[in-house]
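Below: the structure, in structure tokens.
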Amino acid sequence: MLIRVLSFCFIVFFSAVNAFADDPYTVSNVYVDAQADTSIAAQTLAISQGYVQAANIMIKRLSLESERISKGFVAVNELDAKKMIRAQGTASEKRSSTRYIADITVSFNQNAVSQYMRAKGLTLVDSQSRKRLVIPVLGADIASETDLWHRAWADGQFANALTPIDVMSMRPGLESLIGSLDGGNLKLADLKMIGEAFGVEQILIAFGQPTYSGYSVILKDVALDSGSQRSFSAVNGNSALEAASKAVMKLEDDWKASTVTPISTRSVIMPVSVLYRNHVEWKMLQDAINGTAQIRWAKLEAISNGGAMMLLTYGGDMERLRNELSYKGVSLRTDAKLGTILTRTGYIIPKPEVKKAEENKRTVQKPKLDSKNG
């Protein structure tokens, strides 16, 4: 059966404009449907049920399955769900005199969630990896099936996942680029062009296949800056949306396993040289350090135009730290002269003679000040 890449021309990848940030404490697109004696009663019942559903999705996202099982955690009840809510939005409302249907988005209070999980003995994992752009590929040359597979990733609203999926609108000129990908043979050079167009460094290829009971999907995760690729075993769902949702959950579980440090692990203090080429890179590295679960504390010791000295306190497992940072587009390695260095992935350390020549060039070209003008 011909495998073909889904043309982005027909995908509506929405980036919804609303008050909810793309953070892991927000759960989007929760479908609610309830009936009662009156329209108001039906709406109240549906929203309450939606709160509970959203709270359980959020707790499952931010916790470890092994801990939920070992602690005997079953589900969030209605009272606790309402205590944790920060904001709520509604879309696609339909109502009658006795029925209410809608899609709701619920944002939860971080402190309240943290307190709840602590009380339940669950480890909170809210560190997000960098965003991925999804390319859905379907093993069926059937327009209706391909459209469903498109829609599953567009409607899944996965921007709030711990491994957020980029759902950006079509860009001018990309039709021919996507169309040039021959029969699903996605080369790294092609992926890099797509990544550059969308401003991402990570691409997720979702190979879907219709089955007699729903959909099966295999994932290939590609880091464009390092060229590394990882494949994940198949997951199955009764619908295209369920298969896509389970695929994202599989990515999240893998991410959580690589970022959570056992409580018994001792802390290690490590001096690092943070190297960057401009302010944008320095800000990106700061955000990565602050958002890395393995790093428990960071202190800035000194800073210059192209580098900074920092002391990092981390969980003690260097490989876990290196792996988590790599998902954020950051490289942690050792240099013979500089020791442990932290840079953006792909950054090449300038040779001393090149750096000196550049400094001399700047000195020569620097205009002299007129003494009269200060």
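How things are named: the first chain in the structure tokens is A, the next is B, and so on; residues count from 1 in each chain; ligands count from 1 in the order shown.
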(message) With only C-alpha atoms as the counted atoms, please give the residues lying no more than 7 Å from stretch 46-60 of chain A, apart from itself and same-chain residues fewer than 4 positions off, as a PyMOL selection string.
(response) chain A and resi 25+27+30+32-34+42+75-78+81-82+100+106
(request) Just the residues within 7 Å of A:Ile104, please, counting only C-alpha atoms, with nothing from its chain fewer than 4 positions along; format it as JSON, numbers by chain. (result) {"A": [28, 29, 30, 31, 89, 90, 91]}
(message) For a test of reading the model, state the distance in Å between atom CA of A:Gln286 and atom CA of A:Val222, rounded to one decimal.
(response)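 Between atom CA of A:Gln286 and atom CA of A:Val222 the gap works out to 23.7 Å.
Note that the spacing between atom CA of A:Phe108 and atom CA of A:Lys94 amounts to 24.7 Å.
In the backbone-derived DSSP annotation, strand (DSSP E or B) within stretch 17-54 of chain A comprises Thr26, Val27, Ser28, Asn29, Val30, Tyr31, Val32, Asp33, Ala34 and Gln35 of chain A.
Here atom CA of A:Gln110 and atom CA of A:Leu312 stand 24.6 Å from one another.
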Residues of stretch 107-142 of chain A at most 12 Å from stretch 233-247 of chain A: nearest atom pair and distance in Å, only C-alpha atoms, as a tab-separated table:
```
residue	atom	partner	partner_atom	distance
A:Val134	CA	A:Ala244	CA	10.6
A:Ile135	CA	A:Ala244	CA	11.9
A:Pro136	CA	A:Ala244	CA	9.7
A:Val137	CA	A:Ala244	CA	11.9
A:Leu138	CA	A:Ala240	CA	10.7
```
Output N, CA and C atoms for every residue in the selection just made, as a PDB file, in the first residue's frame.
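So the final result, stored in part11.pdb, reads:
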```pdb
ATOM      1  N   VAL A 134       5.018  18.158  13.947  1.00  0.00           N
ATOM      2  CA  VAL A 134       4.596  16.823  13.537  1.00  0.00           C
ATOM      3  C   VAL A 134       4.367  16.773  12.027  1.00  0.00           C
ATOM      4  N   ILE A 135       4.842  15.692  11.409  1.00  0.00           N
ATOM      5  CA  ILE A 135       4.531  15.400  10.001  1.00  0.00           C
ATOM      6  C   ILE A 135       3.764  14.080   9.997  1.00  0.00           C
ATOM      7  N   PRO A 136       2.447  14.121   9.822  1.00  0.00           N
ATOM      8  CA  PRO A 136       1.667  12.886   9.800  1.00  0.00           C
ATOM      9  C   PRO A 136       1.808  12.174   8.454  1.00  0.00           C
ATOM     10  N   VAL A 137       2.094  10.896   8.491  1.00  0.00           N
ATOM     11  CA  VAL A 137       2.209  10.080   7.282  1.00  0.00           C
ATOM     12  C   VAL A 137       1.262   8.897   7.446  1.00  0.00           C
ATOM     13  N   LEU A 138       0.467   8.623   6.413  1.00  0.00           N
ATOM     14  CA  LEU A 138      -0.519   7.551   6.529  1.00  0.00           C
ATOM     15  C   LEU A 138      -0.265   6.460   5.504  1.00  0.00           C
TER      16      LEU A 138
END
```
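Residues in contact with stretch 249-256 of chain A at up to 8 Å, not including ones fewer than 2 positions away on its chain and judged by only C-alpha atoms, are Arg61, Leu64, Val125, Ser129, Ala161, Leu162, Thr163, Ser245, Lys246, Ala247, Ser258, Thr259, Val260 and Glu324 of chain A.
With only C-alpha atoms as the atoms that count, the minimum distance from A:Met193 to the choices A:Asp166, A:Leu122, A:Leu224, A:Ser114 is reached by A:Leu224.
Proximity ranking of A:Trp149, A:Trp297, A:Phe232, A:Phe198 relative to A:Gly214 places A:Trp149 first, based on only C-alpha atoms.
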(request) Using only C-alpha atoms, find the one residue out of A:Leu332, A:Ile205, A:Ala119, A:Leu188 that sits nearest to A:Ser228. (result)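 Nearest to A:Ser228: A:Leu188.
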